[in-house]
Amino acid sequence: MKKYDFIIAGGGMAGLSLAYYLLQSPLRDRRILILDREQKNRNDRTWCFWEHELEVGRPERSSQLTARPFESVLFRTWHSISFHGTTYSGVLDMGEYQYKMLRSIDFYTFVETELAKWPNVERKNATIQRIKDTPQGGFVIADDEPYIADYVFDSTFALKLDQPENHNLLQHFKGWVIKTSAPCFDPKRPEIMDFRVDQQGDCRFLYVLPFDEKTALIEYTIFNSTLLFDKEYDAELRQYIDRFLMTGGYEICETEYGVIPMSDEQTQENPSEHIVRIGTSGGFTKASTGYTFHRTQRYLQDIVQNLAETGKPHRMVPWFKRRFKLYDSIFLNVLEKNRHPADDIFTRVYTENPQRVFKFLDEETRFFEEIRLFATMPFWPFLLAFFDVLRRKIAG
Ligand SMILES: Cc1cc2nc3c(=O)[nH]c(=O)nc-3n(C[C@H](O)[C@H](O)[C@H](O)COP(=O)(O)OP(=O)(O)OC[C@H]3O[C@@H](n4cnc5c(N)ncnc54)[C@H](O)[C@@H]3O)c2cc1C
């Protein structure tokens, strides 16, 4: 049986990012195996995230782990964004934050090119059938072949997210990249939420990422617990384009579909001694927003830093940071129980908390900043949600 230092089970966003960080660290000469059933040669998704202009890495982090490793392959960086809510329509002040877009094919190509330079990194196309902890290390079977390593980093574990005391919503969306005959997009400004669509009792909006005046990715997005039929997303996209964009006709060049868990269920990042779950499998998705990319980069940098310094990868979350999980649960409860119209909540969040909201969603605010943000929310729905979250946690 072949023995490795690290096996990366699943070479998608989290797996490839981890491999990249390992190669930037003092662990760069370790034997690494990456297993994935797919060849990463398609643009199967796009990642957007915001980042502070001055983000140069946390001081405690090794200087060898750069804060913006994929900057050179970003597809777009925007300095302002717009928003269309219930009482406000226009530009949002992002302050020193920038909104960025990375196409997955550019990311895969960039990382795979880097990995190819390292003879100690093996990449195998295989379907993983089993991952198990043993006293000798993390054990993996893929295409009937056994492998073992000091640590297995698993991004293939399918979360169940079915415990009734938790909130298990889904963020689901379908998007089209369209090319229009007439110029109808402002390439300097993505629309992060446009609520001018029928809310149908939950939370629905359009998301528009302009590439140039005639090309954009337009996504119809829903936060609830029931997926739609494909043709229903299509109908909403068509209706939005016809009502609000002066396209002069358009063609659909690419499509994107995705489902992201919005759940406060406790996930097990460290299920056993030699196995660490990463990415969506590790619960790295922010429950209240579905954003995963940027958090995954931060968490993986912490994991690599720990491994390099202590020989163990496990991240410790300080107790006072856990309050953000409570905030996420309360927000999910408001959405799940439909305690207040979601379009109004998002309008308040974004328009009354410019800049602060990004810091808050990055979980970097201080408590007094959080109180100022909460003060802009409708009081009773959030108070009721708070008590309901407590009741459900105690009952569970
Ligand atoms: C369409 C889409 C758009 C998204 N957009 C954003 C965004 O804009 N911003 C953001 O922050 N987040 C976004 N997300 C959420 C999140 O960032 C992505 O899902 C991200 O790819 C998660 O990374 P991951 O490594 O956990 O999973 P993946 O990238 O899906 O990687 C998992 C890998 O494991 C492999 N695998 C699974 N099972 C097996 C098996 N049994 N054997 C072998 N290999 C296996 C898969 O082939 C895959 O390559 C988006 C998600 C989707 C689906």
# chains A, B, ... in the order shown; residues from 1 in each chain; ligands from 1

call {"tool": "residues_near_ligand", "arguments": {"ligand": "ligand 1", "cutoff": "8 Å", "atoms": "only C-alpha atoms and all ligand atoms", "output": "PyMOL selection string"}}
result
chain A and resi 9-16+35-40+44-49+101+125-129+142+155-158+173+256-260+278-282+284-285+290-296

call {"tool": "residues_around", "arguments": {"residues": "Ile32 (chain A)", "least_positions_apart": "3", "cutoff": "12 Å", "atoms": "only C-alpha atoms", "output": "PyMOL selection string"}}
result
chain A and resi 2-9+11+15-16+18-20+22-23+27-29+35+115+118-124+147-153

call {"tool": "write_last_selection", "arguments": {"atoms": "N, CA, C and O atoms", "output": "short mmCIF file (atom, residue, chain, number, x, y, z; two decimals), in the first residue's frame"}}
result
data_model
loop_
_atom_site.label_atom_id
_atom_site.label_comp_id
_atom_site.auth_asym_id
_atom_site.auth_seq_id
_atom_site.Cartn_x
_atom_site.Cartn_y
_atom_site.Cartn_z
N LYS A 2 0.52 2.22 -0.84
CA LYS A 2 1.36 3.42 -0.94
C LYS A 2 1.09 4.36 0.23
O LYS A 2 -0.05 4.61 0.59
N LYS A 3 2.19 4.87 0.79
CA LYS A 3 2.07 5.75 1.97
C LYS A 3 2.45 7.18 1.56
O LYS A 3 3.44 7.41 0.87
N TYR A 4 1.63 8.13 2.00
CA TYR A 4 1.87 9.55 1.72
C TYR A 4 1.92 10.32 3.04
O TYR A 4 1.45 9.84 4.07
N ASP A 5 2.41 11.54 2.96
CA ASP A 5 2.28 12.42 4.13
C ASP A 5 0.84 12.95 4.19
O ASP A 5 0.21 12.91 5.24
N PHE A 6 0.36 13.43 3.03
CA PHE A 6 -1.00 13.98 2.99
C PHE A 6 -1.74 13.44 1.78
O PHE A 6 -1.19 13.44 0.68
N ILE A 7 -2.98 13.02 2.02
CA ILE A 7 -3.87 12.71 0.89
C ILE A 7 -4.94 13.80 0.86
O ILE A 7 -5.56 14.10 1.90
N ILE A 8 -5.14 14.37 -0.30
CA ILE A 8 -6.20 15.37 -0.46
C ILE A 8 -7.32 14.68 -1.24
O ILE A 8 -7.17 14.36 -2.43
N ALA A 9 -8.39 14.38 -0.54
CA ALA A 9 -9.51 13.66 -1.14
C ALA A 9 -10.48 14.69 -1.71
O ALA A 9 -11.19 15.36 -0.97
N GLY A 11 -10.14 17.12 -5.35
CA GLY A 11 -9.30 18.23 -5.82
C GLY A 11 -10.14 19.30 -6.48
O GLY A 11 -9.95 19.64 -7.65
N GLY A 15 -9.58 21.50 -2.06
CA GLY A 15 -8.46 20.56 -2.18
C GLY A 15 -7.29 21.17 -2.93
O GLY A 15 -6.13 21.08 -2.48
N LEU A 16 -7.57 21.81 -4.06
CA LEU A 16 -6.48 22.40 -4.84
C LEU A 16 -5.86 23.59 -4.11
O LEU A 16 -4.65 23.81 -4.15
N LEU A 18 -5.64 23.92 -0.90
CA LEU A 18 -4.78 23.36 0.16
C LEU A 18 -3.44 22.90 -0.41
O LEU A 18 -2.38 23.19 0.16
N ALA A 19 -3.50 22.19 -1.54
CA ALA A 19 -2.25 21.71 -2.16
C ALA A 19 -1.35 22.91 -2.47
O ALA A 19 -0.14 22.88 -2.21
N TYR A 20 -1.96 23.96 -2.99
CA TYR A 20 -1.19 25.15 -3.35
C TYR A 20 -0.51 25.75 -2.10
O TYR A 20 0.67 26.07 -2.12
N LEU A 22 0.20 24.23 0.70
CA LEU A 22 1.26 23.34 1.22
C LEU A 22 2.56 23.58 0.47
O LEU A 22 3.64 23.60 1.07
N LEU A 23 2.45 23.81 -0.84
CA LEU A 23 3.66 24.02 -1.65
C LEU A 23 4.30 25.39 -1.42
O LEU A 23 5.44 25.63 -1.80
N LEU A 27 6.34 22.85 4.26
CA LEU A 27 5.99 21.44 4.03
C LEU A 27 6.03 21.09 2.55
O LEU A 27 5.52 20.04 2.14
N ARG A 28 6.66 21.93 1.76
CA ARG A 28 6.57 21.79 0.31
C ARG A 28 7.18 20.50 -0.24
O ARG A 28 6.86 20.09 -1.34
N ASP A 29 8.06 19.84 0.56
CA ASP A 29 8.68 18.62 0.02
C ASP A 29 7.95 17.34 0.45
O ASP A 29 8.40 16.23 0.16
N LEU A 35 -6.70 13.10 -5.02
CA LEU A 35 -7.62 12.18 -5.69
C LEU A 35 -8.89 12.92 -6.08
O LEU A 35 -9.49 13.60 -5.24
N LEU A 115 1.16 22.76 -9.56
CA LEU A 115 1.37 21.41 -9.01
C LEU A 115 2.27 20.57 -9.92
O LEU A 115 3.07 19.76 -9.43
N TRP A 118 6.00 20.03 -9.28
CA TRP A 118 6.47 19.37 -8.07
C TRP A 118 6.39 17.85 -8.20
O TRP A 118 5.29 17.29 -8.20
N PRO A 119 7.54 17.16 -8.25
CA PRO A 119 7.50 15.69 -8.41
C PRO A 119 6.93 14.97 -7.20
O PRO A 119 6.53 13.80 -7.30
N ASN A 120 6.90 15.63 -6.05
CA ASN A 120 6.36 14.98 -4.85
C ASN A 120 4.83 15.05 -4.78
O ASN A 120 4.23 14.55 -3.83
N VAL A 121 4.21 15.69 -5.79
CA VAL A 121 2.74 15.77 -5.79
C VAL A 121 2.21 14.84 -6.88
O VAL A 121 2.59 14.95 -8.03
N GLU A 122 1.35 13.90 -6.46
CA GLU A 122 0.72 13.00 -7.44
C GLU A 122 -0.74 13.36 -7.56
O GLU A 122 -1.40 13.65 -6.56
N ARG A 123 -1.23 13.30 -8.77
CA ARG A 123 -2.65 13.62 -9.02
C ARG A 123 -3.27 12.39 -9.66
O ARG A 123 -2.74 11.92 -10.67
N LYS A 124 -4.32 11.84 -9.08
CA LYS A 124 -4.93 10.62 -9.67
C LYS A 124 -6.41 10.85 -9.91
O LYS A 124 -7.11 11.37 -9.04
N TYR A 147 -4.80 3.49 -0.11
CA TYR A 147 -3.75 4.50 0.13
C TYR A 147 -3.80 4.87 1.61
O TYR A 147 -4.88 4.83 2.22
N ILE A 148 -2.67 5.28 2.15
CA ILE A 148 -2.66 5.70 3.55
C ILE A 148 -1.77 6.95 3.69
O ILE A 148 -0.82 7.15 2.92
N ALA A 149 -2.12 7.79 4.68
CA ALA A 149 -1.34 9.03 4.87
C ALA A 149 -1.43 9.46 6.33
O ALA A 149 -2.32 9.05 7.07
N ASP A 150 -0.49 10.33 6.72
CA ASP A 150 -0.55 10.87 8.08
C ASP A 150 -1.87 11.63 8.28
O ASP A 150 -2.49 11.54 9.32
N TYR A 151 -2.23 12.41 7.24
CA TYR A 151 -3.51 13.12 7.30
C TYR A 151 -4.23 13.02 5.97
O TYR A 151 -3.61 13.15 4.91
N VAL A 152 -5.53 12.80 6.06
CA VAL A 152 -6.39 12.85 4.87
C VAL A 152 -7.23 14.11 5.00
O VAL A 152 -7.90 14.33 6.02
N PHE A 153 -7.18 14.96 3.97
CA PHE A 153 -8.01 16.18 3.94
C PHE A 153 -9.16 15.90 2.98
O PHE A 153 -8.95 15.73 1.78
#

call {"tool": "residues_around", "arguments": {"residues": "region 203-210 of chain A", "least_positions_apart": "4", "cutoff": "6 Å", "atoms": "only C-alpha atoms", "output": "PyMOL selection string"}}
result
chain A and resi 187+190-195+199+216-223+342

call {"tool": "write_last_selection", "arguments": {"atoms": "N, CA and C atoms", "output": "PDB file, in the first residue's frame"}}
result
ATOM      1  N   PRO A 187     -20.150  47.947 -16.879  1.00  0.00           N
ATOM      2  CA  PRO A 187     -19.097  46.974 -16.521  1.00  0.00           C
ATOM      3  C   PRO A 187     -18.373  47.319 -15.232  1.00  0.00           C
ATOM      4  N   PRO A 190     -21.215  45.530 -10.530  1.00  0.00           N
ATOM      5  CA  PRO A 190     -22.127  44.382 -10.431  1.00  0.00           C
ATOM      6  C   PRO A 190     -23.312  44.715  -9.526  1.00  0.00           C
ATOM      7  N   GLU A 191     -24.414  44.063  -9.801  1.00  0.00           N
ATOM      8  CA  GLU A 191     -25.623  44.250  -8.976  1.00  0.00           C
ATOM      9  C   GLU A 191     -25.672  43.044  -8.054  1.00  0.00           C
ATOM     10  N   ILE A 192     -25.387  43.248  -6.744  1.00  0.00           N
ATOM     11  CA  ILE A 192     -25.277  42.041  -5.922  1.00  0.00           C
ATOM     12  C   ILE A 192     -26.637  41.457  -5.529  1.00  0.00           C
ATOM     13  N   MET A 193     -27.656  42.313  -5.450  1.00  0.00           N
ATOM     14  CA  MET A 193     -29.001  41.793  -5.203  1.00  0.00           C
ATOM     15  C   MET A 193     -29.990  42.731  -5.870  1.00  0.00           C
ATOM     16  N   ASP A 194     -30.858  42.184  -6.687  1.00  0.00           N
ATOM     17  CA  ASP A 194     -31.935  42.983  -7.269  1.00  0.00           C
ATOM     18  C   ASP A 194     -33.241  42.283  -6.895  1.00  0.00           C
ATOM     19  N   PHE A 195     -33.983  42.920  -5.996  1.00  0.00           N
ATOM     20  CA  PHE A 195     -35.188  42.278  -5.445  1.00  0.00           C
ATOM     21  C   PHE A 195     -36.457  42.580  -6.245  1.00  0.00           C
ATOM     22  N   GLN A 199     -41.418  37.792  -4.607  1.00  0.00           N
ATOM     23  CA  GLN A 199     -40.728  37.101  -3.511  1.00  0.00           C
ATOM     24  C   GLN A 199     -41.371  35.742  -3.181  1.00  0.00           C
ATOM     25  N   ALA A 216     -22.862  39.648 -19.585  1.00  0.00           N
ATOM     26  CA  ALA A 216     -22.976  39.534 -18.116  1.00  0.00           C
ATOM     27  C   ALA A 216     -23.440  38.137 -17.731  1.00  0.00           C
ATOM     28  N   LEU A 217     -23.107  37.769 -16.493  1.00  0.00           N
ATOM     29  CA  LEU A 217     -23.679  36.562 -15.886  1.00  0.00           C
ATOM     30  C   LEU A 217     -24.861  37.031 -15.045  1.00  0.00           C
ATOM     31  N   ILE A 218     -26.031  36.468 -15.333  1.00  0.00           N
ATOM     32  CA  ILE A 218     -27.249  36.873 -14.609  1.00  0.00           C
ATOM     33  C   ILE A 218     -27.787  35.638 -13.894  1.00  0.00           C
ATOM     34  N   GLU A 219     -27.945  35.735 -12.574  1.00  0.00           N
ATOM     35  CA  GLU A 219     -28.373  34.546 -11.827  1.00  0.00           C
ATOM     36  C   GLU A 219     -29.658  34.812 -11.049  1.00  0.00           C
ATOM     37  N   TYR A 220     -30.597  33.892 -11.186  1.00  0.00           N
ATOM     38  CA  TYR A 220     -31.822  33.934 -10.385  1.00  0.00           C
ATOM     39  C   TYR A 220     -31.550  33.077  -9.149  1.00  0.00           C
ATOM     40  N   THR A 221     -31.655  33.694  -7.970  1.00  0.00           N
ATOM     41  CA  THR A 221     -31.199  33.047  -6.730  1.00  0.00           C
ATOM     42  C   THR A 221     -32.326  32.996  -5.700  1.00  0.00           C
ATOM     43  N   ILE A 222     -32.431  31.886  -5.017  1.00  0.00           N
ATOM     44  CA  ILE A 222     -33.486  31.723  -3.989  1.00  0.00           C
ATOM     45  C   ILE A 222     -32.856  31.179  -2.710  1.00  0.00           C
ATOM     46  N   PHE A 223     -33.313  31.703  -1.567  1.00  0.00           N
ATOM     47  CA  PHE A 223     -32.975  31.114  -0.268  1.00  0.00           C
ATOM     48  C   PHE A 223     -34.260  30.483   0.271  1.00  0.00           C
ATOM     49  N   ALA A 342     -37.775  39.297   3.595  1.00  0.00           N
ATOM     50  CA  ALA A 342     -36.313  39.230   3.428  1.00  0.00           C
ATOM     51  C   ALA A 342     -35.787  40.411   2.612  1.00  0.00           C
TER      52      ALA A 342
END

call {"tool": "residues_around", "arguments": {"residues": "region 314-330 of chain A", "least_positions_apart": "5", "cutoff": "8 Å", "atoms": "only C-alpha atoms", "output": "list of chain:residue names"}}
result
A:His167, A:Asp264, A:Asn270, A:Val276, A:Lys286, A:Ala287, A:Ser288, A:Tyr299, A:Asp302, A:Ile303, A:Asn306, A:Leu307, A:Glu363, A:Phe382, A:Ala385, A:Phe386, A:Val389

call {"tool": "closest_atom_pairs", "arguments": {"of": "region 11-103 of chain A", "to": "region 345-360 of chain A", "cutoff": "9 Å", "atoms": "only C-alpha atoms", "output": "tab-separated table"}}
result
residue	atom	partner	partner_atom	distance
A:Trp50	CA	A:Phe358	CA	7.6
A:Glu51	CA	A:Phe358	CA	8.6
A:His52	CA	A:Lys359	CA	8.8
A:Phe83	CA	A:Tyr350	CA	8.2
A:His84	CA	A:Thr347	CA	8.0
A:Gly85	CA	A:Thr347	CA	5.1
A:Thr86	CA	A:Thr347	CA	6.3
A:Thr87	CA	A:Thr347	CA	7.1
A:Tyr88	CA	A:Thr347	CA	7.1
A:Leu92	CA	A:Pro354	CA	6.8
A:Asp93	CA	A:Pro354	CA	5.6
A:Met94	CA	A:Gln355	CA	5.1
A:Gly95	CA	A:Gln355	CA	5.7
A:Glu96	CA	A:Gln355	CA	7.7
A:Tyr97	CA	A:Gln355	CA	7.4

call {"tool": "select_by_dssp", "arguments": {"residues": "region 38-244 of chain A", "states": "strand (DSSP E or B)", "output": "ChimeraX atom specification"}}
result
/A:46-52,76-78,81-84,89-92,97-103,121-125,128-134,137-142,145-154,168-180,191-194,203-212,215-224

call {"tool": "select_by_dssp", "arguments": {"residues": "region 98-260 of chain A", "states": "alpha helix (DSSP H)", "output": "number ranges by chain"}}
result
A: 104-115, 230-244

call {"tool": "atom_distance", "arguments": {"atom1": "CA of Gln297 (chain A)", "atom2": "CA of Pro69 (chain A)"}}
result
9.3 Å

call {"tool": "residues_around", "arguments": {"residues": "Lys337 (chain A)", "least_positions_apart": "3", "cutoff": "10 Å", "atoms": "only C-alpha atoms", "output": "ChimeraX atom specification"}}
result
/A:167,202,332-334,340,381,385

call {"tool": "atom_distance", "arguments": {"atom1": "CA of Thr310 (chain A)", "atom2": "CA of Arg30 (chain A)"}}
result
15.2 Å
